Structures are given as structure tokens and as C-alpha cells.
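Colleague: There's a structure below that I have some questions on.
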Amino acid sequence: MRTQVGIVGAGPAGLLLSHLLHRRGIECVVLELRSRQYCETRIRAGVLEQGTAELLRAIGVGERMAREGLVHHGIVLRFDRRDHRIDLSGLTGRAITVYGQHEVVKDLIAARLAAGGEILFEVAGVEVADVDTPAPRIRFRHAGAHRELRCDFVAGCDGFHGVCRSSIPPRALSTYEHTFPHAWLGVLARVPPPSEELIYASHERGFALQSMRSPELSRLYLQCAPTDELEAWPDDRIWDELRRRFEREGWTLPEGPVLHKGITAMRCFVADPMQYGRLFLVGDAAHIVPPTGAKGLNLAAADVRVLARALDAHYAEGRGDLLERYSAVCLRRVWKVQRFSSWMTSMLHRSAGGPFFDRLRHAELDYVTGSRAASTALAENYVGLPFEDG
Ligand code: RFL
Ligand code: PHB
């Protein structure tokens with residue numbers, strides 16, 4: 001098999017890249033470990049920056065999002081049992097769209113297949129070779145047969161646990177990591193979201209977040225210990241803890257059937273550079289941010305824009321400079337998003353630092369919600385920093 005760009009991973013990054021390349025007349029093949037159904041039902045992110053939503057619309061995959069996505073103009077920070085609204089649109093003129101990541105994935109897969117795009121699901125044993133030569137190869141097994149995909153470039157869109165990053169020689173890569181001593185217990189429940197906007201709650205018992213997927217589905221998160229097991233969190237305990245952490249006069253949390261629950265670590269990770277020879281790392285394969293800023297998927301989409309444009313410049317104009325600058329351009333945004341996500345995480349989560357740090361966090365919340373300049377700084381990061389496509 002031969003193509004121009006071999007893409008490993010059919011998450012948001014790989015699918016979006018393949019759709020952008022297709023629109024620019026560049027051939028690609030996507031190789032995915034899991035089944036189509038698994039990819040389309042994996043519950044993860046929910047918040048799209050305005051720029052991400054605009055990109056999806058501009059490339060013709062925004063129709064269902066326009067119908068079913070929820071455009072939000074503000075978010076709420078709840079502390080001291082009171083609400084403090086950050087008026088995202090008033091402060092920045094921009095908004096966010098709440099639309100599940102798996103819905104984005106469904107829309108992209110449908111668009112790719114409708115356009116005759118090639119996505120091989122349930123491949124195994126993916127190995128990337130010769131990326132430091134002009135003729136990289138990807139070896140894999142599919143439907144019981146050993147196969148090889150020859151290509152000009154490889155896009156490693158295979159997430160944090162994928163194989164692409166580890167195919168770069170360690171001497172050619174620096175990594176930066178931090179793990180927060182918290183985790184999130186995430187719950188999807190069939191119950192109308194009690195508030196129209198997202199609520200980030202900072203409470204003595206720990207952080208809690210109310211989000212949603214539709215007018216009938218709530219997405220709720222609780223700060224928990226990274227060592228917690230799901231068995232320690234029966235539904236009753238979850239509702240009881242949510243009720244305590246969201247406590248506010250005149251606000252009640254209705255209960256409903258829990259459809260899904262999971263525990264997520266809170267990790268920061270950056271690989272530098274995000275490229276080696278003809279291999280380009282994209283999205284979670286290159287970086288992880290803690291979910292408090294709602295940025296992982298948006299950052300993956302930002303990488304994709306840069307890479308698609310650089311590959312287009314290579315094929316259409318014979319220019320290699322944008323590909324050379326791929327990592328440098330992406331990393332500027334990555335570190336700003338890392339900064340924002342870490343700051344949100346530290347400000348909102350209860351830590352073991354003791355009373356001095358509890359007071360500092362409280363002062364931070366008080367300042368952010370009381371100062372127009374500080375609220376604007378939060379808002380402009382939350383709706384998404386401007387793009388630098390290199
Ligand atoms: P993905 O989505 O992990 O996709 C990688 C794909 O590669 C496949 N794969 C392989 N394929 C072939 N061969 C191999 N050896 C392979 N190894 C892996 C995998 O099966 C998968 O299909 O990475 P991608 O595309 O970079 O997308 C990144 C996003 O998924 C991620 O950043 C976000 O989900 C993070 N995130 C959030 N981001 C936001 O922008 N807004 C949010 O509100 C938000 N909330 C969240 C989140 C992540 C969470 N969890 C569970 C980590 C909330 C949570 C709870
Ligand atoms: C979500 O809806 O899943 C969500 C919202 C905001 C976050 C993280 C996740 O910061």
C-alpha cells in the first residue's frame with residue numbers, strides 16, 4: 001500500500017487531519033487500533049473553543065453540531081456557596097460550544113467515509129519505521145494479514161499511550177511532566193443539567209464540575225484521590241458528594257440514572273520537539289493537559305491546523321519551511337495552554353498544602369472574579385487564544 005500521509009490513530013486529531021488533507025487534495029490512510037463503534041462511543045471532552053467549532057463548520061462537518069451543540073456565553077465559578085459568572089462573550093466577544101467529543105468523532109468518520117476516505121479500524125501491531133529517510137513505512141496487521149503502508153510522511157495521532165512517540169530515539173526528544181495529586185471521577189447521568197452554564201465549584205471537600213451533553217444528559221465531575229477505585233464510589237456516594245460540593249441556597253441537584261463513570265488522572269506532559277524526520281506528533285501523542293481548562297481536544301485541533309497547512313505548502317508549493325517549523329509553532333500554544341490548565345487546576349482543587357495555600361487559592365478566586373482584567377485573562381484563554389498557523 002502507498003499513500004502520501006500515513007495517519008496513526010482515529011481520534012479527533014487523526015480524523016480531523018485526514019479530512020483537512022483530503023480537502024487539499026492530499027492522499028492519506030488512517031490506521032486505528034480500536035473498532036469504529038469504540039471510537040464513536042468513548043466519552044471524553046465536551047467543550048469546543050470558538051475557533052475549533054468554526055473550523056468544523058468551515059470544513060463541512062458542523063451541521064449536526066449547529067443543531068445539537070449548545071453555545072454558551074459564560075461559565076460560573078462557585079465558591080463560598082455563591083456564584084460568580086465569567087461573562088465570556090461580554091469580555092471577549094467569543095463563545096464556546098458544548099458538544100461531545102464522540103459526536104465530533106462520529107461526524108468526522110461519517111464525512112471521511114462518505115468522501116471515500118480510507119480508515120482501517122482494528123489494526124494491530126503498528127510499527128513506524130524509516131521516518132528519518134525520505135520513505136517512511138508503517139507495518140501493521142489487519143484482518144489477519146501483515147501489511148505495510150509506504151508514505152511520504154507519518155502523522156502520529158495515536159494519543160498518549162500510542163507507539164509513534166516511542167519510535168523517536170530518546171536522545172532526540174525531551175519530555176516535561178507533572179502529575180497533580182488529584183484525579184477526576186467523571187459521571188454521565190440521565191438527568192437535565194441543573195444549570196444552563198458550566199459550574200466550576202471550589203469547596204472545602206474538593207472540586208466539582210457540572211457540565212452537560214444535551215438538555216437531558218448531565219456530565220459531572222468530582223475531585224477524588226488518584227488511588228481511588230470505582231468500587232469506592234457507588235452512585236449514592238457520588239450524588240451525596242456532588243450535593244455537598246455544589247451547595248448553594250436556592251439550587252438543587254436532581255438525581256438520575258448514572259450511565260457511565262470513570263476515573264481520570266490529572267497529568268501535564270509535553271514532548272519537545274513534536275517532530276522527528278518525517279514523523280509529526282499531533283494532539284495527545286505530543287502533550288497532555290489536565291482537563292480543568294477543557295483544552296485537550298482543542299489543542300489537538302490547533303496542531304492539526306498547523307500540520308495540514310505545512311503539508312499543503314510542501315505538496316502545493318514545494319516549500320519545506322512550514323514543516324520544519326511545525327513543532328516550534330505548536331509548542332508556543334502548547335505551553336500557554338499548559339500554563340492556563342495548570343493554573344485553573346491549582347486554583348480550583350483542594351490540595352494537601354494546608355491552610356496557607358487554601359487562603360491563597362481563595363484569594364485567587366476572589367481576585368479573578370472581582371477584577372475585570374483577571375476575568376478577561378481567564379475568558380480569553382477559555383474561549384481559545386488566537387491561532388498562529390505559522
Ligand atoms: P485520542 O483521542 O486519544 O485518540 C488517539 C487514537 O489513537 C488510537 N491508537 C492507536 N491506533 C493505532 N495504533 C496504535 N498503536 C494506537 N494507539 C492508540 C486510539 O485508539 C485513539 O483512537 O487523541 P487525540 O486525537 O490527540 O485527541 C485528544 C483528545 O481526545 C483529548 O485531548 C481530550 O479528550 C481531553 N479532554 C478534553 N479536551 C477538551 O478540549 N475539552 C474538554 O472538555 C476535555 N475534557 C478530556 C476531558 C479528557 C478526559 N479524559 C478522559 C482523559 C475530560 C476527560 C475526562
Ligand atoms: C466536559 O463537559 O466533559 C468538560 C467540561 C469542562 C471541562 C472538562 C470537561 O473543563
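The way I read the labels, and the way they are meant: chains A, B, ... in the order of the C-alpha cells, residue 1 as the first residue of every chain, and ligand 1 as the first ligand shown, with later ones counted on from there.
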Could the residues that lie within 6 Å of ligand 1, counting only C-alpha atoms and all ligand atoms, be listed as a PyMOL selection string?
Modeller: chain A and resi 8-14+31-34+39+44-47+126+157-159+161-163+264+283-285+291+294-298+300
Colleague: Can you write out the residues you just picked, keeping N, CA and C atoms, as an mmCIF file, in the first residue's frame?
Modeller:
```cif
data_model
loop_
_atom_site.group_PDB
_atom_site.id
_atom_site.type_symbol
_atom_site.label_atom_id
_atom_site.label_comp_id
_atom_site.auth_asym_id
_atom_site.auth_seq_id
_atom_site.Cartn_x
_atom_site.Cartn_y
_atom_site.Cartn_z
ATOM 1 N N VAL A 8 -1.618 7.585 12.051
ATOM 2 C CA VAL A 8 -1.850 6.551 13.057
ATOM 3 C C VAL A 8 -2.800 7.120 14.108
ATOM 4 N N GLY A 9 -3.999 6.541 14.227
ATOM 5 C CA GLY A 9 -4.974 6.963 15.241
ATOM 6 C C GLY A 9 -6.165 7.677 14.626
ATOM 7 N N ALA A 10 -7.363 7.198 14.981
ATOM 8 C CA ALA A 10 -8.603 7.829 14.502
ATOM 9 C C ALA A 10 -9.340 8.490 15.655
ATOM 10 N N GLY A 11 -8.588 9.236 16.474
ATOM 11 C CA GLY A 11 -9.220 10.117 17.459
ATOM 12 C C GLY A 11 -9.529 11.424 16.734
ATOM 13 N N PRO A 12 -9.893 12.454 17.489
ATOM 14 C CA PRO A 12 -10.188 13.735 16.853
ATOM 15 C C PRO A 12 -9.015 14.243 16.001
ATOM 16 N N ALA A 13 -7.776 14.072 16.477
ATOM 17 C CA ALA A 13 -6.620 14.611 15.745
ATOM 18 C C ALA A 13 -6.463 13.919 14.398
ATOM 19 N N GLY A 14 -6.422 12.597 14.393
ATOM 20 C CA GLY A 14 -6.198 11.852 13.152
ATOM 21 C C GLY A 14 -7.323 12.061 12.147
ATOM 22 N N LEU A 31 -4.960 4.584 10.266
ATOM 23 C CA LEU A 31 -4.887 3.255 10.884
ATOM 24 C C LEU A 31 -5.305 3.368 12.353
ATOM 25 N N GLU A 32 -6.303 2.605 12.772
ATOM 26 C CA GLU A 32 -6.839 2.735 14.132
ATOM 27 C C GLU A 32 -6.905 1.366 14.809
ATOM 28 N N LEU A 33 -6.406 1.357 16.042
ATOM 29 C CA LEU A 33 -6.353 0.139 16.856
ATOM 30 C C LEU A 33 -7.744 -0.399 17.191
ATOM 31 N N ARG A 34 -8.647 0.501 17.513
ATOM 32 C CA ARG A 34 -9.954 0.097 18.049
ATOM 33 C C ARG A 34 -10.999 -0.037 16.942
ATOM 34 N N CYS A 39 -14.598 3.870 19.003
ATOM 35 C CA CYS A 39 -14.191 5.270 18.808
ATOM 36 C C CYS A 39 -15.392 6.212 18.904
ATOM 37 N N ARG A 44 -15.473 11.487 26.355
ATOM 38 C CA ARG A 44 -14.338 12.291 26.828
ATOM 39 C C ARG A 44 -14.728 13.750 26.865
ATOM 40 N N ALA A 45 -14.062 14.581 26.081
ATOM 41 C CA ALA A 45 -14.233 16.032 26.192
ATOM 42 C C ALA A 45 -15.617 16.507 25.768
ATOM 43 N N GLY A 46 -15.898 17.755 26.120
ATOM 44 C CA GLY A 46 -17.197 18.295 25.762
ATOM 45 C C GLY A 46 -17.218 19.749 25.354
ATOM 46 N N VAL A 47 -16.097 20.461 25.563
ATOM 47 C CA VAL A 47 -16.125 21.906 25.320
ATOM 48 C C VAL A 47 -15.273 22.255 24.096
ATOM 49 N N VAL A 126 1.037 -2.016 15.160
ATOM 50 C CA VAL A 126 1.547 -0.907 14.354
ATOM 51 C C VAL A 126 3.003 -0.594 14.723
ATOM 52 N N CYS A 157 -0.948 10.394 15.500
ATOM 53 C CA CYS A 157 -2.145 10.943 16.169
ATOM 54 C C CYS A 157 -2.698 9.884 17.097
ATOM 55 N N ASP A 158 -1.798 9.085 17.720
ATOM 56 C CA ASP A 158 -2.230 7.881 18.423
ATOM 57 C C ASP A 158 -2.305 8.062 19.939
ATOM 58 N N GLY A 159 -2.520 9.299 20.371
ATOM 59 C CA GLY A 159 -2.799 9.521 21.789
ATOM 60 C C GLY A 159 -1.587 9.316 22.684
ATOM 61 N N HIS A 161 -0.825 7.013 24.861
ATOM 62 C CA HIS A 161 -0.267 5.660 25.009
ATOM 63 C C HIS A 161 0.085 5.008 23.666
ATOM 64 N N GLY A 162 0.131 5.807 22.615
ATOM 65 C CA GLY A 162 0.397 5.255 21.282
ATOM 66 C C GLY A 162 1.843 4.826 21.088
ATOM 67 N N VAL A 163 2.172 4.421 19.858
ATOM 68 C CA VAL A 163 3.513 3.895 19.567
ATOM 69 C C VAL A 163 4.421 4.903 18.858
ATOM 70 N N THR A 264 -10.083 9.660 35.945
ATOM 71 C CA THR A 264 -9.038 10.203 35.073
ATOM 72 C C THR A 264 -7.950 10.857 35.912
ATOM 73 N N GLY A 283 -1.562 16.268 18.803
ATOM 74 C CA GLY A 283 -2.546 16.055 19.874
ATOM 75 C C GLY A 283 -1.939 15.360 21.081
ATOM 76 N N ASP A 284 -2.736 14.484 21.715
ATOM 77 C CA ASP A 284 -2.308 13.826 22.953
ATOM 78 C C ASP A 284 -1.034 12.996 22.787
ATOM 79 N N ALA A 285 -0.666 12.632 21.587
ATOM 80 C CA ALA A 285 0.591 11.897 21.377
ATOM 81 C C ALA A 285 1.773 12.777 21.779
ATOM 82 N N PRO A 291 -7.617 18.335 32.622
ATOM 83 C CA PRO A 291 -8.865 18.700 31.949
ATOM 84 C C PRO A 291 -9.561 19.956 32.484
ATOM 85 N N ALA A 294 -10.428 22.475 29.942
ATOM 86 C CA ALA A 294 -11.193 21.964 28.789
ATOM 87 C C ALA A 294 -10.437 22.177 27.470
ATOM 88 N N LYS A 295 -9.166 21.817 27.463
ATOM 89 C CA LYS A 295 -8.313 22.212 26.344
ATOM 90 C C LYS A 295 -7.759 21.093 25.465
ATOM 91 N N GLY A 296 -7.732 19.831 25.936
ATOM 92 C CA GLY A 296 -7.001 18.778 25.214
ATOM 93 C C GLY A 296 -7.419 18.634 23.752
ATOM 94 N N LEU A 297 -8.703 18.521 23.532
ATOM 95 C CA LEU A 297 -9.218 18.343 22.175
ATOM 96 C C LEU A 297 -8.954 19.584 21.325
ATOM 97 N N ASN A 298 -9.108 20.740 21.935
ATOM 98 C CA ASN A 298 -8.893 21.993 21.208
ATOM 99 C C ASN A 298 -7.428 22.160 20.809
ATOM 100 N N ALA A 300 -5.385 19.666 20.275
ATOM 101 C CA ALA A 300 -5.163 18.699 19.189
ATOM 102 C C ALA A 300 -5.596 19.333 17.863
#
```
Colleague: Can you check which parts of chain A lie within 10 Å of ligand 2? Per residue, the shortest pair of atoms and distance in Å to one decimal, counting only C-alpha atoms and all ligand atoms, sorted by chain and number, as JSON lines.
Modeller:
```
{"residue": "A:Ile43", "atom": "CA", "partner": "ligand 2", "partner_atom_place_in_ligand_line": "3 (O)", "distance": 8.1}
{"residue": "A:Arg44", "atom": "CA", "partner": "ligand 2", "partner_atom_place_in_ligand_line": "3 (O)", "distance": 6.0}
{"residue": "A:Ala45", "atom": "CA", "partner": "ligand 2", "partner_atom_place_in_ligand_line": "3 (O)", "distance": 4.4}
{"residue": "A:Gly46", "atom": "CA", "partner": "ligand 2", "partner_atom_place_in_ligand_line": "2 (O)", "distance": 3.9}
{"residue": "A:Val47", "atom": "CA", "partner": "ligand 2", "partner_atom_place_in_ligand_line": "5 (C)", "distance": 5.5}
{"residue": "A:Leu48", "atom": "CA", "partner": "ligand 2", "partner_atom_place_in_ligand_line": "5 (C)", "distance": 9.2}
{"residue": "A:Ile75", "atom": "CA", "partner": "ligand 2", "partner_atom_place_in_ligand_line": "6 (C)", "distance": 9.7}
{"residue": "A:Val98", "atom": "CA", "partner": "ligand 2", "partner_atom_place_in_ligand_line": "2 (O)", "distance": 6.9}
{"residue": "A:Tyr99", "atom": "CA", "partner": "ligand 2", "partner_atom_place_in_ligand_line": "2 (O)", "distance": 8.0}
{"residue": "A:Gly100", "atom": "CA", "partner": "ligand 2", "partner_atom_place_in_ligand_line": "2 (O)", "distance": 7.3}
{"residue": "A:Gln101", "atom": "CA", "partner": "ligand 2", "partner_atom_place_in_ligand_line": "3 (O)", "distance": 8.5}
{"residue": "A:Trp184", "atom": "CA", "partner": "ligand 2", "partner_atom_place_in_ligand_line": "8 (C)", "distance": 9.7}
{"residue": "A:Gly186", "atom": "CA", "partner": "ligand 2", "partner_atom_place_in_ligand_line": "3 (O)", "distance": 8.0}
{"residue": "A:Val187", "atom": "CA", "partner": "ligand 2", "partner_atom_place_in_ligand_line": "3 (O)", "distance": 9.2}
{"residue": "A:Leu188", "atom": "CA", "partner": "ligand 2", "partner_atom_place_in_ligand_line": "3 (O)", "distance": 9.1}
{"residue": "A:Leu198", "atom": "CA", "partner": "ligand 2", "partner_atom_place_in_ligand_line": "5 (C)", "distance": 7.2}
{"residue": "A:Ile199", "atom": "CA", "partner": "ligand 2", "partner_atom_place_in_ligand_line": "6 (C)", "distance": 8.8}
{"residue": "A:Tyr200", "atom": "CA", "partner": "ligand 2", "partner_atom_place_in_ligand_line": "10 (O)", "distance": 8.1}
{"residue": "A:Leu209", "atom": "CA", "partner": "ligand 2", "partner_atom_place_in_ligand_line": "6 (C)", "distance": 7.3}
{"residue": "A:Gln210", "atom": "CA", "partner": "ligand 2", "partner_atom_place_in_ligand_line": "5 (C)", "distance": 7.6}
{"residue": "A:Ser211", "atom": "CA", "partner": "ligand 2", "partner_atom_place_in_ligand_line": "2 (O)", "distance": 4.7}
{"residue": "A:Met212", "atom": "CA", "partner": "ligand 2", "partner_atom_place_in_ligand_line": "2 (O)", "distance": 5.7}
{"residue": "A:Arg213", "atom": "CA", "partner": "ligand 2", "partner_atom_place_in_ligand_line": "2 (O)", "distance": 6.8}
{"residue": "A:Ser218", "atom": "CA", "partner": "ligand 2", "partner_atom_place_in_ligand_line": "2 (O)", "distance": 8.5}
{"residue": "A:Arg219", "atom": "CA", "partner": "ligand 2", "partner_atom_place_in_ligand_line": "2 (O)", "distance": 5.8}
{"residue": "A:Leu220", "atom": "CA", "partner": "ligand 2", "partner_atom_place_in_ligand_line": "3 (O)", "distance": 7.7}
{"residue": "A:Tyr221", "atom": "CA", "partner": "ligand 2", "partner_atom_place_in_ligand_line": "9 (C)", "distance": 8.0}
{"residue": "A:Pro290", "atom": "CA", "partner": "ligand 2", "partner_atom_place_in_ligand_line": "10 (O)", "distance": 8.6}
{"residue": "A:Pro291", "atom": "CA", "partner": "ligand 2", "partner_atom_place_in_ligand_line": "8 (C)", "distance": 5.0}
{"residue": "A:Thr292", "atom": "CA", "partner": "ligand 2", "partner_atom_place_in_ligand_line": "10 (O)", "distance": 4.0}
{"residue": "A:Gly293", "atom": "CA", "partner": "ligand 2", "partner_atom_place_in_ligand_line": "10 (O)", "distance": 4.7}
{"residue": "A:Ala294", "atom": "CA", "partner": "ligand 2", "partner_atom_place_in_ligand_line": "10 (O)", "distance": 3.7}
{"residue": "A:Lys295", "atom": "CA", "partner": "ligand 2", "partner_atom_place_in_ligand_line": "10 (O)", "distance": 7.4}
{"residue": "A:Gly296", "atom": "CA", "partner": "ligand 2", "partner_atom_place_in_ligand_line": "8 (C)", "distance": 9.1}
{"residue": "A:Ser341", "atom": "CA", "partner": "ligand 2", "partner_atom_place_in_ligand_line": "10 (O)", "distance": 8.8}
{"residue": "A:Met344", "atom": "CA", "partner": "ligand 2", "partner_atom_place_in_ligand_line": "10 (O)", "distance": 9.1}
{"residue": "A:Thr345", "atom": "CA", "partner": "ligand 2", "partner_atom_place_in_ligand_line": "10 (O)", "distance": 9.4}
{"residue": "A:Tyr382", "atom": "CA", "partner": "ligand 2", "partner_atom_place_in_ligand_line": "10 (O)", "distance": 9.2}
```
Colleague: As a ChimeraX atom specification, please: every residue in stretch 185-378 of chain A that DSSP puts in alpha helix (DSSP H).
Modeller: /A:235-245,296-317,321-324,326-348,355-370,372-378
Colleague: Compare A:Leu108, A:Ala95, A:Leu88, A:Ile288 by their minimum atom-to-atom distance to A:Val71, counting only C-alpha atoms, and give me the closest one.
Modeller: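 Between A:Leu108, A:Ala95, A:Leu88, A:Ile288, the residue approaching A:Val71 most closely is A:Ala95.
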Colleague: As a PyMOL selection string, please: every residue in stretch 3-44 of chain A that DSSP puts in strand (DSSP E).
Modeller: chain A and resi 5-8+28-31
Colleague: Just to be explicit: take each residue in the selection above, keep N, CA, C and O atoms, and write the result as an mmCIF file, in the first residue's frame.
Modeller:
```cif
data_model
loop_
_atom_site.group_PDB
_atom_site.id
_atom_site.type_symbol
_atom_site.label_atom_id
_atom_site.label_comp_id
_atom_site.auth_asym_id
_atom_site.auth_seq_id
_atom_site.Cartn_x
_atom_site.Cartn_y
_atom_site.Cartn_z
ATOM 1 N N VAL A 5 0.292 10.599 3.121
ATOM 2 C CA VAL A 5 0.445 10.759 4.580
ATOM 3 C C VAL A 5 -0.203 9.578 5.293
ATOM 4 O O VAL A 5 -1.407 9.332 5.143
ATOM 5 N N GLY A 6 0.588 8.849 6.052
ATOM 6 C CA GLY A 6 0.065 7.757 6.878
ATOM 7 C C GLY A 6 -0.296 8.321 8.240
ATOM 8 O O GLY A 6 0.536 8.945 8.894
ATOM 9 N N ILE A 7 -1.552 8.117 8.651
ATOM 10 C CA ILE A 7 -2.012 8.689 9.918
ATOM 11 C C ILE A 7 -2.283 7.549 10.893
ATOM 12 O O ILE A 7 -3.074 6.659 10.596
ATOM 13 N N VAL A 8 -1.618 7.585 12.051
ATOM 14 C CA VAL A 8 -1.850 6.551 13.057
ATOM 15 C C VAL A 8 -2.800 7.120 14.108
ATOM 16 O O VAL A 8 -2.466 8.093 14.799
ATOM 17 N N CYS A 28 -4.345 10.258 2.064
ATOM 18 C CA CYS A 28 -3.895 9.712 3.349
ATOM 19 C C CYS A 28 -4.677 8.447 3.681
ATOM 20 O O CYS A 28 -5.733 8.192 3.112
ATOM 21 N N VAL A 29 -4.122 7.666 4.604
ATOM 22 C CA VAL A 29 -4.810 6.480 5.116
ATOM 23 C C VAL A 29 -4.718 6.562 6.636
ATOM 24 O O VAL A 29 -3.664 6.905 7.181
ATOM 25 N N VAL A 30 -5.829 6.277 7.317
ATOM 26 C CA VAL A 30 -5.849 6.309 8.784
ATOM 27 C C VAL A 30 -5.857 4.870 9.314
ATOM 28 O O VAL A 30 -6.657 4.044 8.862
ATOM 29 N N LEU A 31 -4.960 4.584 10.266
ATOM 30 C CA LEU A 31 -4.887 3.255 10.884
ATOM 31 C C LEU A 31 -5.305 3.368 12.353
ATOM 32 O O LEU A 31 -4.720 4.155 13.099
#
```
